[in-house]
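**Q** Contents are compact mmCIF, C-alpha atoms and all ligand atoms; file name coords27.txt:
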```txt
# COMPACT_ATOMS: atom_id res chain seq x y z
CA MET T 207 86.59 99.42 97.55
CA LEU T 208 84.10 102.24 98.09
CA SER T 209 84.80 102.53 101.81
CA PRO T 210 87.14 105.32 103.01
CA VAL T 211 90.86 104.71 102.53
CA PHE T 212 92.79 103.83 105.71
CA PHE T 213 95.30 106.70 105.74
CA ILE T 214 97.97 107.00 108.41
CA PRO T 215 99.75 110.23 109.36
CA PHE T 216 103.31 109.05 108.79
CA GLN T 217 105.82 111.30 110.54
CA GLN T 218 108.97 109.35 111.41
CA GLU T 219 111.96 111.63 110.63
CA LEU T 220 109.72 114.01 108.66
CA LYS T 221 109.17 117.74 109.21
CA LYS T 222 105.39 117.12 109.38
CA PRO T 223 102.95 114.22 108.88
CA TYR T 224 102.43 112.82 105.39
CA PHE T 225 99.15 110.95 104.93
CA LEU T 226 99.46 107.67 103.08
CA ASN T 227 97.58 104.40 102.72
CA LEU T 228 98.46 102.07 105.62
CA ALA T 229 99.17 99.28 103.09
CA SER T 230 101.74 101.45 101.27
CA TYR T 231 103.51 102.15 104.55
CA LEU T 232 103.56 98.45 105.52
CA ALA T 233 104.81 97.47 102.06
CA VAL T 234 107.89 99.66 102.31
CA ARG T 235 108.53 98.67 105.92
CA SER T 236 108.54 95.01 104.84
CA LEU T 237 111.93 95.76 103.24
CA GLY T 238 113.36 96.44 106.72
CA GLU T 239 115.65 99.31 107.69
CA VAL T 240 117.34 101.03 104.75
CA GLY T 241 120.38 102.00 106.83
CA ASN T 242 123.50 102.49 104.75
CA GLN T 243 122.28 100.63 101.68
CA GLU T 244 121.94 101.95 98.13
CA VAL T 245 118.30 102.15 97.12
CA LEU T 246 116.58 102.68 93.78
CA ASP T 247 112.92 103.78 93.79
CA LEU T 248 112.10 103.35 90.12
CA CYS T 249 108.58 104.87 89.89
CA ALA T 250 108.68 107.35 92.74
CA ALA T 251 106.12 110.18 92.28
CA PRO T 252 104.35 111.60 94.17
CA GLY T 253 106.78 110.27 96.77
CA GLY T 254 104.91 108.74 99.72
CA LYS T 255 106.90 105.53 99.61
CA THR T 256 110.17 107.42 99.07
CA LEU T 257 109.48 109.27 102.33
CA VAL T 258 109.05 105.95 104.15
CA LEU T 259 112.33 104.71 102.65
CA ALA T 260 114.06 107.97 103.62
CA SER T 261 112.84 107.70 107.22
CA SER T 262 115.21 104.80 107.91
CA LEU T 263 118.06 105.99 105.66
CA GLY T 264 121.39 105.87 107.51
CA PRO T 265 124.25 108.37 107.27
CA GLU T 266 126.05 106.44 104.52
CA GLY T 267 122.91 105.37 102.66
CA PHE T 268 121.68 106.73 99.36
CA ILE T 269 118.35 106.79 97.48
CA VAL T 270 117.82 107.36 93.76
CA ALA T 271 114.19 108.43 93.28
CA ASN T 272 113.25 108.07 89.62
CA GLU T 273 110.13 109.31 87.84
CA ARG T 274 109.74 109.55 84.07
CA SER T 275 106.97 112.16 83.89
CA SER T 276 108.42 115.65 84.26
CA ALA T 277 105.23 117.07 85.82
CA ARG T 278 105.13 114.28 88.38
CA ARG T 279 108.87 114.60 88.93
CA SER T 280 108.36 118.26 89.90
CA ARG T 281 105.69 117.14 92.35
CA LEU T 282 108.06 114.50 93.75
CA LYS T 283 110.74 117.15 94.24
CA ARG T 284 108.27 119.45 96.05
CA VAL T 285 107.10 116.63 98.32
CA LEU T 286 110.64 115.58 99.25
CA GLU T 287 111.66 119.20 99.93
CA GLU T 288 108.54 119.86 101.97
CA TYR T 289 108.83 116.81 104.23
CA LEU T 290 112.53 115.93 104.52
CA SER T 291 115.39 117.62 106.35
CA PRO T 292 118.16 119.10 104.14
CA GLU T 293 120.49 116.41 105.49
CA LYS T 294 118.25 113.55 104.23
CA LEU T 295 117.59 115.41 100.99
CA SER T 296 121.29 115.65 100.29
CA ARG T 297 121.37 111.84 100.00
CA ILE T 298 118.46 111.55 97.59
CA LYS T 299 118.99 112.01 93.87
CA ILE T 300 115.97 112.59 91.63
CA THR T 301 116.21 111.23 88.08
CA GLY T 302 113.84 111.05 85.10
CA HIS T 303 114.54 107.85 83.18
CA ASP T 304 112.41 105.04 81.78
CA ALA T 305 112.26 102.33 84.45
CA GLY T 306 111.92 99.72 81.72
CA ARG T 307 115.37 100.59 80.34
CA TRP T 308 117.27 101.33 83.55
CA GLY T 309 118.96 97.93 83.64
CA LEU T 310 120.58 98.56 80.26
CA TYR T 311 122.69 101.30 81.81
CA GLU T 312 123.37 100.12 85.35
CA GLN T 313 123.81 96.52 86.49
CA ASP T 314 124.30 94.70 89.80
CA ARG T 315 124.31 98.00 91.71
CA TYR T 316 121.45 98.41 94.22
CA ASP T 317 120.85 96.65 97.55
CA LEU T 318 117.14 97.49 97.53
CA ILE T 319 114.84 98.35 94.64
CA LEU T 320 111.26 99.50 95.00
CA LEU T 321 109.21 99.05 91.84
CA ASP T 322 105.76 100.56 92.37
CA VAL T 323 104.49 100.30 88.80
CA PRO T 324 101.76 102.23 86.98
CA CYS T 325 98.73 99.94 87.12
CA SER T 326 94.97 99.67 86.59
CA SER T 327 94.38 101.14 90.04
CA GLU T 328 90.74 100.03 90.16
CA ARG T 329 90.02 101.98 93.35
CA HIS T 330 90.79 105.23 91.53
CA LEU T 331 88.77 104.07 88.53
CA LEU T 332 85.71 103.65 90.74
CA GLU T 333 86.19 107.17 92.08
CA ARG T 334 86.49 108.65 88.56
CA PRO T 335 83.76 107.45 86.15
CA SER T 336 85.45 109.20 83.19
CA HIS T 337 88.60 107.10 83.75
CA LEU T 338 86.52 103.96 84.25
CA LYS T 339 84.90 104.48 80.83
CA LYS T 340 88.32 104.50 79.16
CA TRP T 341 89.46 101.30 80.90
CA SER T 342 89.54 98.10 78.81
CA THR T 343 90.85 94.57 79.17
CA ASN T 344 93.50 95.56 76.64
CA ARG T 345 94.66 98.27 79.04
CA THR T 346 95.43 95.75 81.81
CA ARG T 347 97.32 93.60 79.27
CA GLN T 348 99.42 96.60 78.22
CA LEU T 349 100.13 97.57 81.82
CA ALA T 350 101.12 94.00 82.66
CA GLN T 351 103.49 93.93 79.68
CA GLN T 352 105.07 97.24 80.72
CA ALA T 353 105.40 96.03 84.32
CA TYR T 354 107.06 92.81 83.16
CA ALA T 355 109.68 94.81 81.23
CA MET T 356 110.26 96.99 84.29
CA VAL T 357 110.81 93.97 86.56
CA LEU T 358 113.38 92.51 84.15
CA SER T 359 115.12 95.88 84.00
CA ALA T 360 115.06 96.22 87.81
CA LEU T 361 116.50 92.73 88.19
CA MET T 362 119.46 93.76 86.05
CA ALA T 363 120.09 96.77 88.29
CA LEU T 364 119.79 94.70 91.49
CA LYS T 365 122.90 93.44 93.27
CA PRO T 366 123.03 89.66 93.66
CA GLY T 367 121.55 89.05 97.11
CA GLY T 368 119.68 92.38 97.05
CA LYS T 369 115.91 92.74 97.38
CA LEU T 370 113.42 93.88 94.75
CA LEU T 371 109.93 94.76 95.97
CA TYR T 372 107.34 94.79 93.18
CA CYS T 373 104.02 96.41 94.03
CA THR T 374 100.80 97.48 92.38
CA CYS T 375 97.52 98.88 93.64
CA ALA T 376 95.74 96.75 91.00
CA LEU T 377 93.26 93.96 91.52
CA SER T 378 93.84 92.55 88.04
CA PRO T 379 95.72 89.22 88.48
CA LEU T 380 97.42 89.87 85.11
CA GLU T 381 99.30 92.82 86.65
CA ASN T 382 100.07 90.99 89.90
CA ASP T 383 100.88 87.27 90.04
CA GLY T 384 100.58 87.22 86.24
CA VAL T 385 103.69 89.42 85.91
CA MET T 386 105.60 87.52 88.59
CA GLU T 387 104.75 84.19 87.03
CA ARG T 388 106.21 85.33 83.71
CA VAL T 389 109.34 86.64 85.47
CA TRP T 390 109.74 83.40 87.35
CA ARG T 391 109.25 81.34 84.17
CA LYS T 392 111.82 83.44 82.28
CA LYS T 393 114.43 83.83 85.00
CA GLY T 394 113.82 80.56 86.87
CA LYS T 395 116.77 79.85 89.09
CA GLU T 396 118.24 83.33 88.74
CA VAL T 397 115.56 84.71 91.06
CA LYS T 398 114.09 83.58 94.32
CA ILE T 399 110.74 84.69 95.70
CA LEU T 400 111.14 85.71 99.33
CA PRO T 401 108.52 85.59 102.08
CA ILE T 402 106.95 88.95 102.99
CA GLU T 403 106.87 89.83 106.67
CA ILE T 404 103.95 92.09 107.50
CA GLN T 405 102.40 91.90 110.91
CA ASP T 406 99.81 94.49 111.71
CA PRO T 407 96.58 93.71 113.55
CA GLN T 408 94.68 96.15 111.35
CA VAL T 409 95.30 94.33 108.07
CA VAL T 410 94.79 90.85 106.69
CA VAL T 411 97.73 89.79 104.54
CA GLU T 412 96.43 87.29 101.98
CA PRO T 413 98.97 85.00 100.33
CA THR T 414 98.95 84.60 96.54
CA LYS T 415 101.12 82.25 94.48
CA PHE T 416 104.02 84.70 94.13
CA GLY T 417 103.35 87.31 96.82
CA VAL T 418 100.65 88.71 99.07
CA GLN T 419 97.82 91.20 98.83
CA ILE T 420 96.08 93.53 101.23
CA LEU T 421 92.50 94.26 100.27
CA PRO T 422 90.27 97.01 101.66
CA ASP T 423 87.27 94.80 102.49
CA LEU T 424 89.21 92.80 105.11
CA SER T 425 91.68 95.51 106.15
CA HIS T 426 89.57 98.48 107.26
CA GLY T 427 90.04 100.25 103.93
CA ALA T 428 93.81 99.67 103.60
CA GLY T 429 94.98 98.72 100.11
CA PRO T 430 94.40 97.35 97.61
CA LEU T 431 98.06 96.51 97.36
CA TYR T 432 99.81 93.53 95.80
CA LEU T 433 103.43 92.80 96.75
CA SER T 434 106.02 90.36 95.60
CA LEU T 435 109.56 90.29 96.98
CA LEU T 436 112.42 88.89 94.91
CA THR T 437 116.10 88.42 95.27
CA LYS T 438 118.63 87.84 92.52
CA GLN T 439 120.72 84.82 93.26
CA GLY T 440 124.48 84.67 93.17
CA PRO T 441 126.42 81.55 92.18
CA ASN T 442 124.82 79.40 94.95
CA ARG T 443 121.29 79.28 93.63
CA VAL T 444 118.34 77.75 95.42
CA ASP T 445 116.02 75.61 93.34
CA GLN T 446 112.39 76.73 93.49
CA GLU T 447 110.85 73.98 91.38
CA GLU T 448 109.29 72.36 94.43
CA ARG T 449 107.42 75.47 95.48
CA PHE T 450 106.23 76.78 92.11
CA GLY T 451 106.66 73.98 89.58
C1 LIG T 501 102.00 103.95 91.19
S1 LIG T 501 102.77 105.42 90.78
C2 LIG T 501 104.06 105.51 91.96
C3 LIG T 501 103.63 105.97 93.34
C4 LIG T 501 104.79 106.27 94.27
N1 LIG T 501 105.67 105.12 94.41
C5 LIG T 501 104.35 106.72 95.64
O1 LIG T 501 104.34 105.92 96.57
O2 LIG T 501 104.01 107.88 95.78
C6 LIG T 501 103.65 105.01 89.34
C7 LIG T 501 104.52 106.14 88.80
O3 LIG T 501 105.32 105.61 87.74
C8 LIG T 501 105.50 106.65 86.78
N2 LIG T 501 105.92 105.99 85.53
C9 LIG T 501 105.14 105.54 84.52
N3 LIG T 501 105.89 104.97 83.55
C10 LIG T 501 107.18 105.07 83.97
C11 LIG T 501 108.42 104.65 83.40
N4 LIG T 501 108.48 104.01 82.22
N5 LIG T 501 109.56 104.91 84.10
C12 LIG T 501 109.52 105.55 85.28
N6 LIG T 501 108.37 105.96 85.87
C13 LIG T 501 107.22 105.73 85.22
C14 LIG T 501 104.16 107.32 86.73
O4 LIG T 501 104.27 108.61 86.18
C15 LIG T 501 103.74 107.31 88.20
O5 LIG T 501 104.13 108.50 88.82
```
Re-express the file's structure as C-alpha cells.

**A**
Amino acid sequence: MLSPVFFIPFQQELKKPYFLNLASYLAVRSLGEVGNQEVLDLCAAPGGKTLVLASSLGPEGFIVANERSSARRSRLKRVLEEYLSPEKLSRIKITGHDAGRWGLYEQDRYDLILLDVPCSSERHLLERPSHLKKWSTNRTRQLAQQAYAMVLSALMALKPGGKLLYCTCALSPLENDGVMERVWRKKGKEVKILPIEIQDPQVVVEPTKFGVQILPDLSHGAGPLYLSLLTKQGPNRVDQEERFG
C-alpha cells in the first residue's frame, strides 16, 4: 500500500495522455466496448474512468456523467474538456444528482452503469495522516450503507440484461463483498453476478465471493480495487442458489 501507484498514461482517443491507476483502467475495460450503448457513470469526478468509457464510445452512443459535488463536477467538466474531442464531448452529458436516488426518476434505461462509489480509500488514508485520524469503524459502516442504497438505485436505472459494474478502492470487506452480499440477499433472483474478465500479466486478479479484487502488493502497485459485475434479469431468470446459497 505504501509502494508507488502503478499509473498508466492512457491516451486512446484522447487529446493527450491521462495518468490513471492501471486497475481503474482494467476495471472499465472489463465492461467491453461501449459502442452505441447508453451509459450512466453515477459517481464520475474527477473523470478518469469516464475518459476510458468515452474512448470506446461509438457514433450513436451516449454517456451521462453524474457527480453530486458541484466543486468536483466543475473539475470533471474541465477534465472532459481538456482530454476529449468536441465530437466525443457532444455525446456526454454532465449531471449533478444524488446517485442513491437516481433510480426513483429513471428506470430500465441504461445498457451499462458504472458505480464507482465514495469509499474508505485506505491507500489515501495512509498518505494523509489527518484523514486517517478521522477514520472510524463507524465511517466504513456508513459508507457501506450509502453504497448499498446506490447499488439498489443503479439497479432500478439498469435495463434488464444490462451490466452494472460496482467498484471501490476500499479494502474494508463491509464496503466490498459486504454490500454485494446484501444486494444479492435482497434482490435474489432479480440479479445475477457475472464473471469479470481481466487478463493482464501485470496484475493478479483475486476472486472474492461476489467479485474480484486487485491489490497493490501482488500487482506492482496497481489497485486496490474491488469490482463486482451484475446484470438485472428479465423474465427468464437464472437461479443462483447453487453458487451463493
Ligand atoms: C471514487 S470517486 C469517483 C472517481 C471517478 N469515478 C474517477 O474514476 O475519476 C466517488 C465520487 O462520488 C461522488 N459522490 C459522493 N456521493 C455522491 C452521491 N450521493 N451521488 C453522486 N456522486 C456522489 C464524490 O464526490 C466523488 O467524486

**Q** Residues at most 9 Å from ligand LIG 501 (chain T), using all atoms listed in the file? Could they come as a ChimeraX atom specification?

**A** /T:226,230-231,247-258,272-279,282,302-308,320-325,327,352-353,356,373-375

**Q** Could you tell me which of T:Ser280, T:Gln351, T:Ser291, T:Ser296 comes closest to Val385 of chain T if we count all atoms listed in the file?

**A** T:Gln351

**Q** Which of these, T:Lys222, T:Arg235, T:Lys415, T:Arg347, has the shortest distance to Glu387 of chain T once you count only C-alpha atoms?

**A**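 Checking each candidate against Glu387 of chain T, we get T:Lys415 as the closest.
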
**Q** What is the distance, in Å and to one decimal place, between atom CA of Asp314 of chain T and atom CA of Leu361 of chain T?

**A**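 Taking atom CA of Asp314 of chain T as the start and atom CA of Leu361 of chain T as the end point, the length is 8.2 Å.
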
**Q** Distance atom CA of Thr343 of chain T-atom CA of Asn382 of chain T, one decimal place?

**A** 14.6 Å

**Q** Which of these, T:Tyr316, T:Trp341, T:Phe212, T:Tyr432, has the shortest distance to Ile269 of chain T once you count all atoms listed in the file?

**A** T:Tyr316

**Q** Within 9 Å of Phe416 of chain T, counting all atoms listed in the file, which residues qualify if same-chain residues fewer than 3 places away don't, as a list in words?

**A**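 The neighbour list is Asn382, Asp383, Gly384, Met386, Glu387, Trp390, Ile399, Leu400, Pro413, Leu433, Ser434, Leu435 and Phe450 of chain T.
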
**Q** Excluding Ile298 of chain T and residues on its chain fewer than 4 positions from it, collect all residues at most 7 Å away from it, counting all atoms listed in the file, and give them as a ChimeraX atom specification.

**A** /T:268-271,294

**Q** For atom CA of Val245 of chain T and atom CA of Leu259 of chain T, quote the distance in Å rounded to one decimal.

**A**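 Straight-line distance from atom CA of Val245 of chain T to atom CA of Leu259 of chain T works out to 8.5 Å.
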
**Q** May I ask which of the residues T:Glu312, T:Ser336, T:Phe225, T:Asn242 is the closest one to Val285 of chain T, counting all atoms listed in the file?

**A**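 Nearest to Val285 of chain T: T:Phe225.
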
**Q** Determine the nearest neighbour of Leu228 of chain T from the options T:Val389, T:Pro407, T:Val418, T:Leu436, counting all atoms listed in the file.

**A**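 With all atoms listed in the file as the atom set, the closest residue is T:Pro407.
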
**Q** Would you kindly return, as a CSV table (one decimal) with C-alpha atoms, keeping the file's coordinate frame, each protein, DNA or RNA residue with an atom no farther than 7 Å from any atom of Glu219 of chain T, considering all atoms listed in the file and excluding same-chain residues fewer than 2 positions away?

**A**
```csv
chain,number,residue,atom,x,y,z
T,217,GLN,CA,105.8,111.3,110.5
T,221,LYS,CA,109.2,117.7,109.2
T,261,SER,CA,112.8,107.7,107.2
```

**Q** With distances taken over only C-alpha atoms, which of T:Ala360, T:Gly241, T:Lys299, T:Ala376 is nearest to Arg329 of chain T?

**A**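 For Arg329 of chain T, the nearest of the given residues is T:Ala376.
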
**Q** From the structure just shown, export segment 211-279 of chain T with C-alpha atoms as a CSV table (one decimal), in the first residue's frame.

**A**
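Saved to out-v8.csv:
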```csv
chain,number,residue,atom,x,y,z
T,211,VAL,CA,0.9,3.6,-7.6
T,212,PHE,CA,1.1,1.8,-10.9
T,213,PHE,CA,-0.1,4.7,-13.2
T,214,ILE,CA,-0.5,4.2,-16.9
T,215,PRO,CA,-0.5,7.0,-19.5
T,216,PHE,CA,-3.9,6.3,-21.0
T,217,GLN,CA,-4.3,8.0,-24.4
T,218,GLN,CA,-6.7,6.1,-26.6
T,219,GLU,CA,-8.9,8.6,-28.5
T,220,LEU,CA,-7.7,11.4,-26.1
T,221,LYS,CA,-6.0,14.7,-27.0
T,222,LYS,CA,-3.2,13.9,-24.6
T,223,PRO,CA,-2.3,11.1,-22.0
T,224,TYR,CA,-4.3,11.0,-18.8
T,225,PHE,CA,-2.5,9.2,-16.0
T,226,LEU,CA,-4.6,6.7,-14.1
T,227,ASN,CA,-4.2,3.6,-11.9
T,228,LEU,CA,-3.8,0.5,-14.1
T,229,ALA,CA,-6.5,-1.2,-12.0
T,230,SER,CA,-9.0,1.6,-12.8
T,231,TYR,CA,-8.3,1.2,-16.5
T,232,LEU,CA,-8.7,-2.6,-16.4
T,233,ALA,CA,-11.9,-2.3,-14.4
T,234,VAL,CA,-13.6,-0.1,-17.1
T,235,ARG,CA,-12.3,-2.2,-19.9
T,236,SER,CA,-13.8,-5.3,-18.3
T,237,LEU,CA,-17.2,-3.9,-19.4
T,238,GLY,CA,-16.1,-4.3,-23.1
T,239,GLU,CA,-16.6,-1.8,-25.9
T,240,VAL,CA,-19.1,0.9,-25.1
T,241,GLY,CA,-20.0,1.3,-28.8
T,242,ASN,CA,-23.5,2.7,-29.4
T,243,GLN,CA,-24.9,1.9,-25.9
T,244,GLU,CA,-26.3,4.2,-23.3
T,245,VAL,CA,-24.1,4.6,-20.3
T,246,LEU,CA,-24.5,6.1,-16.9
T,247,ASP,CA,-21.4,6.9,-14.8
T,248,LEU,CA,-23.0,7.6,-11.5
T,249,CYS,CA,-20.1,9.0,-9.4
T,250,ALA,CA,-17.9,10.3,-12.1
T,251,ALA,CA,-15.4,13.0,-10.8
T,252,PRO,CA,-12.6,13.6,-11.4
T,253,GLY,CA,-13.3,11.7,-14.6
T,254,GLY,CA,-10.5,9.1,-15.3
T,255,LYS,CA,-12.9,6.3,-15.7
T,256,THR,CA,-15.3,8.4,-17.8
T,257,LEU,CA,-12.4,9.0,-20.2
T,258,VAL,CA,-11.9,5.3,-20.5
T,259,LEU,CA,-15.6,4.8,-21.2
T,260,ALA,CA,-15.5,7.6,-23.8
T,261,SER,CA,-12.6,6.1,-25.6
T,262,SER,CA,-14.7,3.3,-27.0
T,263,LEU,CA,-17.9,5.3,-27.4
T,264,GLY,CA,-19.4,4.8,-30.8
T,265,PRO,CA,-21.2,7.4,-33.0
T,266,GLU,CA,-24.7,6.6,-31.7
T,267,GLY,CA,-23.6,6.0,-28.1
T,268,PHE,CA,-24.2,8.3,-25.1
T,269,ILE,CA,-22.7,8.8,-21.7
T,270,VAL,CA,-24.3,10.6,-18.7
T,271,ALA,CA,-21.5,11.5,-16.3
T,272,ASN,CA,-23.0,12.3,-12.9
T,273,GLU,CA,-21.3,13.9,-9.9
T,274,ARG,CA,-23.2,15.3,-6.9
T,275,SER,CA,-20.5,17.7,-5.6
T,276,SER,CA,-20.5,21.0,-7.5
T,277,ALA,CA,-16.8,21.6,-7.0
T,278,ARG,CA,-15.9,18.1,-8.2
T,279,ARG,CA,-18.4,18.5,-11.1
```
